[in-house]
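Next up, data-v6.cif (mmCIF, C-alpha atoms):
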```cif
data_input
#
loop_
_atom_site.group_PDB
_atom_site.id
_atom_site.type_symbol
_atom_site.label_atom_id
_atom_site.label_comp_id
_atom_site.auth_asym_id
_atom_site.auth_seq_id
_atom_site.Cartn_x
_atom_site.Cartn_y
_atom_site.Cartn_z
ATOM 1 C CA MET F 1215 32.388 -28.290 -60.107
ATOM 2 C CA GLU F 1216 34.713 -30.645 -58.241
ATOM 3 C CA THR F 1217 33.982 -33.053 -55.396
ATOM 4 C CA PHE F 1218 35.007 -31.503 -52.067
ATOM 5 C CA PHE F 1219 35.694 -34.675 -50.072
ATOM 6 C CA ASN F 1220 38.423 -35.830 -52.417
ATOM 7 C CA PRO F 1221 41.261 -37.925 -50.894
ATOM 8 C CA GLU F 1222 43.632 -36.716 -53.595
ATOM 9 C CA ARG F 1223 43.231 -33.152 -52.297
ATOM 10 C CA GLN F 1224 43.653 -34.155 -48.612
ATOM 11 C CA ARG F 1225 40.057 -33.240 -47.807
ATOM 12 C CA SER F 1226 38.855 -36.758 -46.949
ATOM 13 C CA TRP F 1227 40.167 -37.754 -43.548
ATOM 14 C CA THR F 1228 41.368 -41.304 -43.001
ATOM 15 C CA SER F 1229 41.080 -40.778 -39.235
ATOM 16 C CA GLY F 1230 39.700 -38.184 -36.854
ATOM 17 C CA PRO F 1231 37.860 -36.399 -35.389
ATOM 18 C CA PHE F 1232 40.352 -33.546 -35.163
ATOM 19 C CA LEU F 1233 40.425 -30.446 -32.992
ATOM 20 C CA HIS F 1234 39.291 -27.294 -34.790
ATOM 21 C CA PHE F 1235 38.598 -23.718 -33.782
ATOM 22 C CA LEU F 1236 35.208 -22.660 -35.122
ATOM 23 C CA VAL F 1237 32.932 -19.660 -34.945
ATOM 24 C CA LEU F 1238 29.538 -21.302 -34.503
ATOM 25 C CA LEU F 1239 26.958 -19.502 -36.616
ATOM 26 C CA ASN F 1240 24.045 -21.794 -35.807
ATOM 27 C CA HIS F 1241 23.039 -19.553 -32.890
ATOM 28 C CA HIS F 1242 22.513 -16.492 -35.096
ATOM 29 C CA GLU F 1243 18.910 -16.535 -36.277
ATOM 30 C CA ASP F 1244 19.435 -13.892 -38.961
ATOM 31 C CA TYR F 1245 22.145 -16.005 -40.553
ATOM 32 C CA ARG F 1246 20.073 -19.173 -40.232
ATOM 33 C CA ALA F 1247 17.327 -17.382 -42.166
ATOM 34 C CA TYR F 1248 19.883 -16.263 -44.766
ATOM 35 C CA ALA F 1249 20.989 -19.869 -45.203
ATOM 36 C CA ARG F 1250 17.389 -21.126 -45.410
ATOM 37 C CA ALA F 1251 16.744 -18.732 -48.279
ATOM 38 C CA HIS F 1252 19.010 -20.950 -50.418
ATOM 39 C CA TYR F 1253 17.598 -24.338 -49.506
ATOM 40 C CA ASP F 1254 14.797 -24.455 -52.086
ATOM 41 C CA LEU F 1255 17.349 -23.828 -54.821
ATOM 42 C CA PHE F 1256 19.708 -26.444 -53.401
ATOM 43 C CA SER F 1257 16.915 -29.048 -53.283
ATOM 44 C CA GLY F 1258 17.203 -29.370 -57.049
ATOM 45 C CA TYR F 1259 20.778 -30.645 -56.656
ATOM 46 C CA GLU F 1260 20.337 -33.217 -53.872
ATOM 47 C CA GLU F 1261 22.460 -35.818 -55.668
ATOM 48 C CA HIS F 1262 25.372 -33.435 -56.028
ATOM 49 C CA LEU F 1263 25.441 -31.113 -53.018
ATOM 50 C CA GLY F 1264 25.878 -31.774 -49.328
ATOM 51 C CA VAL F 1265 23.724 -28.953 -47.974
ATOM 52 C CA VAL F 1266 24.822 -27.873 -44.483
ATOM 53 C CA PRO F 1267 21.884 -28.058 -42.028
ATOM 54 C CA GLU F 1268 21.313 -24.980 -39.891
ATOM 55 C CA GLU F 1269 22.662 -26.673 -36.773
ATOM 56 C CA TRP F 1270 26.084 -27.139 -38.396
ATOM 57 C CA LEU F 1271 26.604 -23.644 -39.857
ATOM 58 C CA HIS F 1272 30.046 -22.339 -38.935
ATOM 59 C CA CYS F 1273 33.196 -20.531 -39.945
ATOM 60 C CA THR F 1274 36.450 -22.469 -39.614
ATOM 61 C CA VAL F 1275 39.085 -20.341 -37.910
ATOM 62 C CA GLN F 1276 41.827 -22.976 -37.669
ATOM 63 C CA GLY F 1277 42.047 -26.721 -38.051
ATOM 64 C CA MET F 1278 44.490 -29.190 -36.525
ATOM 65 C CA TYR F 1279 44.786 -32.337 -38.595
ATOM 66 C CA ILE F 1280 46.763 -34.582 -36.258
ATOM 67 C CA PRO F 1281 45.642 -36.651 -33.256
ATOM 68 C CA THR F 1282 46.002 -34.814 -29.944
ATOM 69 C CA SER F 1283 46.306 -36.218 -26.448
ATOM 70 C CA ASP F 1284 44.279 -35.130 -23.435
ATOM 71 C CA GLU F 1285 47.364 -33.362 -22.092
ATOM 72 C CA GLN F 1286 47.849 -31.452 -25.329
ATOM 73 C CA THR F 1287 44.185 -30.477 -25.351
ATOM 74 C CA GLU F 1288 44.450 -29.097 -21.814
ATOM 75 C CA GLN F 1289 47.577 -27.149 -22.736
ATOM 76 C CA LEU F 1290 45.812 -25.814 -25.812
ATOM 77 C CA ILE F 1291 42.832 -24.654 -23.758
ATOM 78 C CA LYS F 1292 45.102 -22.776 -21.340
ATOM 79 C CA ALA F 1293 47.119 -21.217 -24.155
ATOM 80 C CA THR F 1294 43.935 -20.156 -25.960
ATOM 81 C CA ARG F 1295 42.572 -18.456 -22.857
ATOM 82 C CA ARG F 1296 45.755 -16.380 -22.717
ATOM 83 C CA GLU F 1297 45.628 -15.475 -26.405
ATOM 84 C CA ILE F 1298 41.903 -14.675 -26.443
ATOM 85 C CA ALA F 1299 42.100 -12.455 -23.359
ATOM 86 C CA GLY F 1300 42.717 -9.358 -25.473
ATOM 87 C CA MET F 1301 40.144 -10.133 -28.147
ATOM 88 C CA ARG F 1302 37.106 -7.864 -28.460
ATOM 89 C CA PRO F 1303 33.742 -8.627 -30.103
ATOM 90 C CA PHE F 1304 33.400 -7.546 -33.715
ATOM 91 C CA THR F 1305 30.671 -7.510 -36.335
ATOM 92 C CA VAL F 1306 30.817 -8.963 -39.833
ATOM 93 C CA GLN F 1307 28.418 -8.830 -42.740
ATOM 94 C CA MET F 1308 27.400 -12.208 -44.139
ATOM 95 C CA GLY F 1309 27.074 -12.172 -47.911
ATOM 96 C CA PRO F 1310 27.148 -12.317 -50.793
ATOM 97 C CA THR F 1311 26.963 -16.019 -51.609
ATOM 98 C CA TRP F 1312 29.577 -17.329 -54.030
ATOM 99 C CA PRO F 1313 29.500 -20.507 -56.114
ATOM 100 C CA GLY F 1314 33.003 -21.934 -55.936
ATOM 101 C CA VAL F 1315 34.858 -24.905 -57.380
ATOM 102 C CA THR F 1316 34.074 -27.315 -54.515
ATOM 103 C CA GLY F 1317 31.271 -25.587 -52.617
ATOM 104 C CA VAL F 1318 28.904 -22.680 -52.185
ATOM 105 C CA THR F 1319 30.276 -20.185 -49.680
ATOM 106 C CA VAL F 1320 29.181 -16.999 -47.967
ATOM 107 C CA ALA F 1321 31.623 -14.113 -47.734
ATOM 108 C CA MET F 1322 32.305 -12.475 -44.365
ATOM 109 C CA TYR F 1323 33.366 -8.804 -44.379
ATOM 110 C CA PRO F 1324 35.373 -7.111 -43.085
ATOM 111 C CA GLU F 1325 37.932 -9.888 -42.742
ATOM 112 C CA THR F 1326 40.204 -8.144 -40.231
ATOM 113 C CA GLY F 1327 38.535 -9.453 -37.056
ATOM 114 C CA LEU F 1328 38.572 -13.068 -38.179
ATOM 115 C CA ALA F 1329 42.130 -12.717 -39.441
ATOM 116 C CA GLU F 1330 43.195 -11.502 -35.987
ATOM 117 C CA LEU F 1331 41.290 -14.359 -34.352
ATOM 118 C CA ASN F 1332 43.069 -16.817 -36.640
ATOM 119 C CA LYS F 1333 46.470 -15.436 -35.637
ATOM 120 C CA ARG F 1334 45.626 -15.700 -31.942
ATOM 121 C CA VAL F 1335 44.448 -19.326 -32.051
ATOM 122 C CA ARG F 1336 47.391 -20.268 -34.263
ATOM 123 C CA ALA F 1337 49.715 -18.775 -31.651
ATOM 124 C CA ALA F 1338 47.956 -20.827 -28.969
ATOM 125 C CA ALA F 1339 48.284 -24.052 -30.975
ATOM 126 C CA GLU F 1340 51.924 -23.407 -31.839
ATOM 127 C CA ALA F 1341 52.691 -22.997 -28.132
ATOM 128 C CA VAL F 1342 51.736 -26.638 -27.466
ATOM 129 C CA PRO F 1343 54.553 -29.163 -28.042
ATOM 130 C CA GLY F 1344 53.637 -31.736 -30.674
ATOM 131 C CA ILE F 1345 50.893 -29.739 -32.402
ATOM 132 C CA GLU F 1346 51.918 -28.844 -35.933
ATOM 133 C CA LEU F 1347 49.757 -26.649 -38.131
ATOM 134 C CA ARG F 1348 49.542 -26.479 -41.882
ATOM 135 C CA PRO F 1349 51.408 -23.479 -43.333
ATOM 136 C CA GLU F 1350 49.717 -20.138 -42.818
ATOM 137 C CA GLU F 1351 47.904 -18.742 -45.835
ATOM 138 C CA ALA F 1352 49.090 -15.445 -47.255
ATOM 139 C CA LYS F 1353 45.653 -14.030 -46.428
ATOM 140 C CA PHE F 1354 43.044 -15.603 -44.169
ATOM 141 C CA TRP F 1355 39.872 -16.492 -46.087
ATOM 142 C CA ALA F 1356 36.873 -15.603 -43.940
ATOM 143 C CA HIS F 1357 33.825 -17.555 -45.110
ATOM 144 C CA SER F 1358 31.013 -19.884 -44.176
ATOM 145 C CA THR F 1359 29.999 -22.814 -46.386
ATOM 146 C CA LEU F 1360 26.334 -23.453 -47.237
ATOM 147 C CA ALA F 1361 26.938 -26.560 -49.350
ATOM 148 C CA TYR F 1362 29.854 -28.833 -50.226
ATOM 149 C CA VAL F 1363 30.007 -30.619 -53.565
ATOM 150 C CA ARG F 1364 29.474 -34.352 -53.001
ATOM 151 C CA ASP F 1365 29.529 -35.233 -56.694
ATOM 152 C CA GLY F 1366 31.031 -32.699 -59.033
ATOM 153 C CA ASP F 1367 29.955 -34.478 -62.219
ATOM 154 C CA PHE F 1368 27.199 -32.068 -63.245
ATOM 155 C CA ASP F 1369 26.684 -28.889 -65.217
ATOM 156 C CA ASP F 1370 26.610 -26.128 -62.605
ATOM 157 C CA GLY F 1371 25.433 -23.390 -64.954
ATOM 158 C CA SER F 1372 21.841 -23.423 -63.722
ATOM 159 C CA LEU F 1373 23.006 -23.417 -60.087
ATOM 160 C CA ASN F 1374 25.207 -20.387 -60.724
ATOM 161 C CA ARG F 1375 22.360 -18.571 -62.459
ATOM 162 C CA GLY F 1376 20.002 -19.456 -59.605
ATOM 163 C CA LEU F 1377 22.400 -18.061 -57.010
ATOM 164 C CA ARG F 1378 22.836 -14.847 -58.964
ATOM 165 C CA SER F 1379 19.063 -14.440 -59.183
ATOM 166 C CA LEU F 1380 18.435 -15.268 -55.522
ATOM 167 C CA ARG F 1381 20.706 -12.784 -53.716
ATOM 168 C CA PRO F 1382 19.028 -12.588 -50.274
ATOM 169 C CA GLU F 1383 19.666 -9.492 -48.182
ATOM 170 C CA ARG F 1384 22.976 -9.615 -46.375
ATOM 171 C CA VAL F 1385 22.904 -9.878 -42.591
ATOM 172 C CA ASP F 1386 25.177 -8.671 -39.796
ATOM 173 C CA VAL F 1387 26.536 -11.063 -37.189
ATOM 174 C CA THR F 1388 28.418 -10.073 -34.030
ATOM 175 C CA ILE F 1389 31.177 -12.520 -33.134
ATOM 176 C CA ASP F 1390 31.998 -12.560 -29.434
ATOM 177 C CA ARG F 1391 33.465 -16.031 -28.884
ATOM 178 C CA VAL F 1392 35.262 -18.930 -30.505
ATOM 179 C CA HIS F 1393 34.834 -22.642 -29.801
ATOM 180 C CA LEU F 1394 37.313 -25.484 -29.695
ATOM 181 C CA VAL F 1395 35.549 -28.556 -31.073
ATOM 182 C CA ASN F 1396 36.210 -32.130 -32.066
ATOM 183 C CA GLN F 1397 35.209 -31.953 -35.712
ATOM 184 C CA ARG F 1398 34.308 -34.937 -37.843
ATOM 185 C CA GLN F 1399 33.263 -35.205 -41.460
ATOM 186 C CA ASP F 1400 30.535 -37.223 -43.116
ATOM 187 C CA PRO F 1401 31.417 -37.450 -46.819
ATOM 188 C CA ALA F 1402 28.218 -39.384 -47.560
ATOM 189 C CA ALA F 1403 26.059 -36.572 -46.150
ATOM 190 C CA GLY F 1404 28.499 -34.011 -47.475
ATOM 191 C CA TYR F 1405 29.251 -31.790 -44.488
ATOM 192 C CA TYR F 1406 30.993 -31.486 -41.101
ATOM 193 C CA MET F 1407 29.721 -32.043 -37.559
ATOM 194 C CA TRP F 1408 31.337 -31.623 -34.144
ATOM 195 C CA GLU F 1409 31.218 -31.837 -30.363
ATOM 196 C CA VAL F 1410 32.178 -28.747 -28.374
ATOM 197 C CA VAL F 1411 35.276 -29.142 -26.200
ATOM 198 C CA GLU F 1412 35.587 -25.587 -24.822
ATOM 199 C CA GLU F 1413 34.065 -22.152 -25.326
ATOM 200 C CA PHE F 1414 36.200 -18.980 -25.249
ATOM 201 C CA PRO F 1415 34.160 -15.772 -24.823
ATOM 202 C CA PHE F 1416 35.962 -12.591 -25.759
ATOM 203 C CA ALA F 1417 36.688 -9.993 -23.105
#
```

Now, as a test, write the supplied structure out as structure tokens.
Amino acid sequence: METFFNPERQRSWTSGPFLHFLVLLNHHEDYRAYARAHYDLFSGYEEHLGVVPEEWLHCTVQGMYIPTSDEQTEQLIKATRREIAGMRPFTVQMGPTWPGVTGVTVAMYPETGLAELNKRVRAAAEAVPGIELRPEEAKFWAHSTLAYVRDGDFDDGSLNRGLRSLRPERVDVTIDRVHLVNQRQDPAAGYYMWEVVEEFPFA
């Protein structure tokens, strides 16, 4: 595996925190239990994985990787309220869990609701002068990360086999809001944290 917080891959921030739109999954007890089902396995890789505590479970909808002023933040909040006004709650299934190159992620299906949410918050951000987003992906990747690789210098074969054997039952989560947060990273711990700036419930 490869280290996630790698400056050469623009994942280690030299400044911050930065505004991000997140779906906070730490309030969904079924998903917290799903995540906990992996923690015993992860405990055998403490030197290599940054395991995301339950309180920081999330799905990133859109990040903004430039400093923003108070005025820009207020404009972004107003623009997001307009864009989110037509959004309706939707349900996704969490699972299966996938071992990736730089982390262990949980799939979220179907992806259509989160893809629409991504387009709406991108439109809100692009309406604010001075906020520039990274290029849009060809297809939005809906996922939640259970662990980031802090040190990729290990043989991940046993971890992959353990994940294949574990396979907890998938759970359904209803998404009815998105949050604007100030997100910061802790490469030493190996995961992200944040402070909520604004909550946007769907209609």

| field | Counting only C-alpha atoms, the option among F:Ala1249, F:Leu1347, F:Ile1298, F:Ala1402 closest to Pro1382 in chain F | value | F:Ala1249

| Hey, which of F:Asn1396, F:Asn1220, F:Asn1240, F:Thr1359 ends up closest to Trp1312 in chain F? Count only C-alpha atoms. |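 Closest to Trp1312 in chain F, using only C-alpha atoms: F:Thr1359.
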
| field | the PyMOL selection byres ((chain F and resi 1314) around 12) applied to the shown file, residues as a ChimeraX atom specification | value | /F:1215-1218,1311-1313,1315-1321,1357,1359-1363,1366,1370-1371,1373-1374,1377

| What does the PyMOL selection byres ((chain F and resi 1288) around 12) select in this file, as a list in words? |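 Applying the expression gives Leu1233, Thr1282, Ser1283, Asp1284, Glu1285, Gln1286, Thr1287, Gln1289, Leu1290, Ile1291, Lys1292, Ala1293, Thr1294, Arg1295, Ala1338, Ala1339, Val1342, Pro1343, Leu1394, Val1411 and Glu1412 of chain F.
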
| Leaving out Arg1384 in chain F and any residue of its chain fewer than 3 positions from it, which residues lie within 7 Å of it when counting all atoms listed in the file, given as a ChimeraX atom specification? | /F:1307-1310

Produce a file of the selected residues containing C-alpha atoms, as a compact mmCIF listing (two decimals), keeping the file's coordinate frame.
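This is the output file selection24.txt:
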```
# COMPACT_ATOMS: atom_id res chain seq x y z
CA GLN F 1307 28.42 -8.83 -42.74
CA MET F 1308 27.40 -12.21 -44.14
CA GLY F 1309 27.07 -12.17 -47.91
CA PRO F 1310 27.15 -12.32 -50.79
```

| Selected residue, from F:His1393, F:Arg1348, F:Arg1364, F:Arg1375, that lies nearest to Met1278 in chain F when counting all atoms listed in the file |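 Using all atoms listed in the file, the shortest distance to Met1278 in chain F belongs to F:Arg1348.
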
| said: Measuring between all atoms listed in the file, which one of F:Ala1247, F:Val1306, F:Ala1329, F:Ala1356 shows the shortest distance to Ile1389 in chain F? | reply: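 Nearest to Ile1389 in chain F: F:Val1306.
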
| request: Can you pull out every residue within 9 Å of Leu1380 in chain F, counting all atoms listed in the file, but drop anything in the same chain fewer than 5 positions away, and send it as a ChimeraX atom specification? | output: /F:1251-1252,1255,1375

Write a file of the just-selected residues containing C-alpha atoms, as a short mmCIF file (atom, residue, chain, number, x, y, z; two decimals), in the coordinates of the input.
```
data_model
loop_
_atom_site.label_atom_id
_atom_site.label_comp_id
_atom_site.auth_asym_id
_atom_site.auth_seq_id
_atom_site.Cartn_x
_atom_site.Cartn_y
_atom_site.Cartn_z
CA ALA F 1251 16.74 -18.73 -48.28
CA HIS F 1252 19.01 -20.95 -50.42
CA LEU F 1255 17.35 -23.83 -54.82
CA ARG F 1375 22.36 -18.57 -62.46
#
```

| task | Step by step: start from the point (46.0, -18.1, -32.9) in the file's coordinates, keep every protein, DNA or RNA residue that has an atom no farther than 10 Å from it, count all atoms listed in the file, and write the set as number ranges by chain. | result | F: 1235, 1275-1276, 1293-1294, 1297-1298, 1329-1341

| Which residue, F:Glu1383, F:Glu1350, F:Glu1261, F:Glu1413, has the smallest gap to Val1237 in chain F when you use only C-alpha atoms? | F:Glu1413

| request: Counting all atoms listed in the file, figure out which residue out of F:Trp1227, F:Phe1354, F:Phe1219, F:Tyr1259 gets nearest to Cys1273 in chain F. | output: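 Nearest to Cys1273 in chain F: F:Phe1354.
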
| query | Any idea what the distance is between CA of Ser1358 in chain F and CA of Tyr1406 in chain F? | reply |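 About the pair CA of Ser1358 in chain F and CA of Tyr1406 in chain F: they are 12.0 Å apart.
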
| query | So which residues touch Phe1232 in chain F within 10 Å, counting all atoms listed in the file, skipping near sequence neighbours fewer than 6 positions away, as a PyMOL selection string? | reply | chain F and resi 1277-1282+1395-1399+1408

| task | One decimal, Å: what's the distance from CA of Ile1345 in chain F over to CA of Leu1271 in chain F, could you say? | result |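 Separation between CA of Ile1345 in chain F and CA of Leu1271 in chain F: 26.1 Å.
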
| request: Would you mind reading off the distance between CA of Pro1231 in chain F and CA of Arg1296 in chain F, one decimal, in Å? | output: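 Between these atoms lies a distance of 25.0 Å.
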
Can you sort out range 1333-1353 of chain F so it carries N, CA and C atoms, written as a tab-separated table (two decimals), keeping the file's coordinate frame?
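Result saved to rebuild.tsv:
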```
chain	number	residue	atom	x	y	z
F	1333	LYS	N	45.10	-15.57	-36.12
F	1333	LYS	CA	46.47	-15.44	-35.64
F	1333	LYS	C	46.58	-15.80	-34.16
F	1334	ARG	N	45.58	-15.42	-33.39
F	1334	ARG	CA	45.63	-15.70	-31.94
F	1334	ARG	C	45.51	-17.20	-31.66
F	1335	VAL	N	44.60	-17.89	-32.33
F	1335	VAL	CA	44.45	-19.33	-32.05
F	1335	VAL	C	45.61	-20.11	-32.65
F	1336	ARG	N	46.19	-19.62	-33.75
F	1336	ARG	CA	47.39	-20.27	-34.26
F	1336	ARG	C	48.53	-20.14	-33.26
F	1337	ALA	N	48.66	-18.97	-32.66
F	1337	ALA	CA	49.72	-18.77	-31.65
F	1337	ALA	C	49.51	-19.72	-30.47
F	1338	ALA	N	48.25	-19.91	-30.07
F	1338	ALA	CA	47.96	-20.83	-28.97
F	1338	ALA	C	48.34	-22.25	-29.34
F	1339	ALA	N	47.98	-22.69	-30.55
F	1339	ALA	CA	48.28	-24.05	-30.98
F	1339	ALA	C	49.79	-24.27	-31.11
F	1340	GLU	N	50.48	-23.27	-31.64
F	1340	GLU	CA	51.92	-23.41	-31.84
F	1340	GLU	C	52.69	-23.41	-30.52
F	1341	ALA	N	52.05	-22.98	-29.44
F	1341	ALA	CA	52.69	-23.00	-28.13
F	1341	ALA	C	52.64	-24.38	-27.47
F	1342	VAL	N	51.89	-25.30	-28.05
F	1342	VAL	CA	51.74	-26.64	-27.47
F	1342	VAL	C	52.69	-27.60	-28.17
F	1343	PRO	N	53.62	-28.21	-27.43
F	1343	PRO	CA	54.55	-29.16	-28.04
F	1343	PRO	C	53.80	-30.31	-28.73
F	1344	GLY	N	54.22	-30.61	-29.94
F	1344	GLY	CA	53.64	-31.74	-30.67
F	1344	GLY	C	52.51	-31.37	-31.61
F	1345	ILE	N	51.94	-30.17	-31.47
F	1345	ILE	CA	50.89	-29.74	-32.40
F	1345	ILE	C	51.55	-28.98	-33.55
F	1346	GLU	N	51.37	-29.49	-34.75
F	1346	GLU	CA	51.92	-28.84	-35.93
F	1346	GLU	C	50.77	-28.43	-36.84
F	1347	LEU	N	50.81	-27.19	-37.28
F	1347	LEU	CA	49.76	-26.65	-38.13
F	1347	LEU	C	50.20	-26.65	-39.59
F	1348	ARG	N	49.23	-26.67	-40.47
F	1348	ARG	CA	49.54	-26.48	-41.88
F	1348	ARG	C	50.06	-25.06	-42.08
F	1349	PRO	N	50.85	-24.82	-43.13
F	1349	PRO	CA	51.41	-23.48	-43.33
F	1349	PRO	C	50.33	-22.41	-43.38
F	1350	GLU	N	50.66	-21.26	-42.85
F	1350	GLU	CA	49.72	-20.14	-42.82
F	1350	GLU	C	49.49	-19.61	-44.23
F	1351	GLU	N	48.22	-19.33	-44.54
F	1351	GLU	CA	47.90	-18.74	-45.84
F	1351	GLU	C	48.39	-17.30	-45.89
F	1352	ALA	N	48.66	-16.83	-47.10
F	1352	ALA	CA	49.09	-15.44	-47.26
F	1352	ALA	C	48.03	-14.48	-46.75
F	1353	LYS	N	46.75	-14.85	-46.91
F	1353	LYS	CA	45.65	-14.03	-46.43
F	1353	LYS	C	44.54	-14.95	-45.95
```
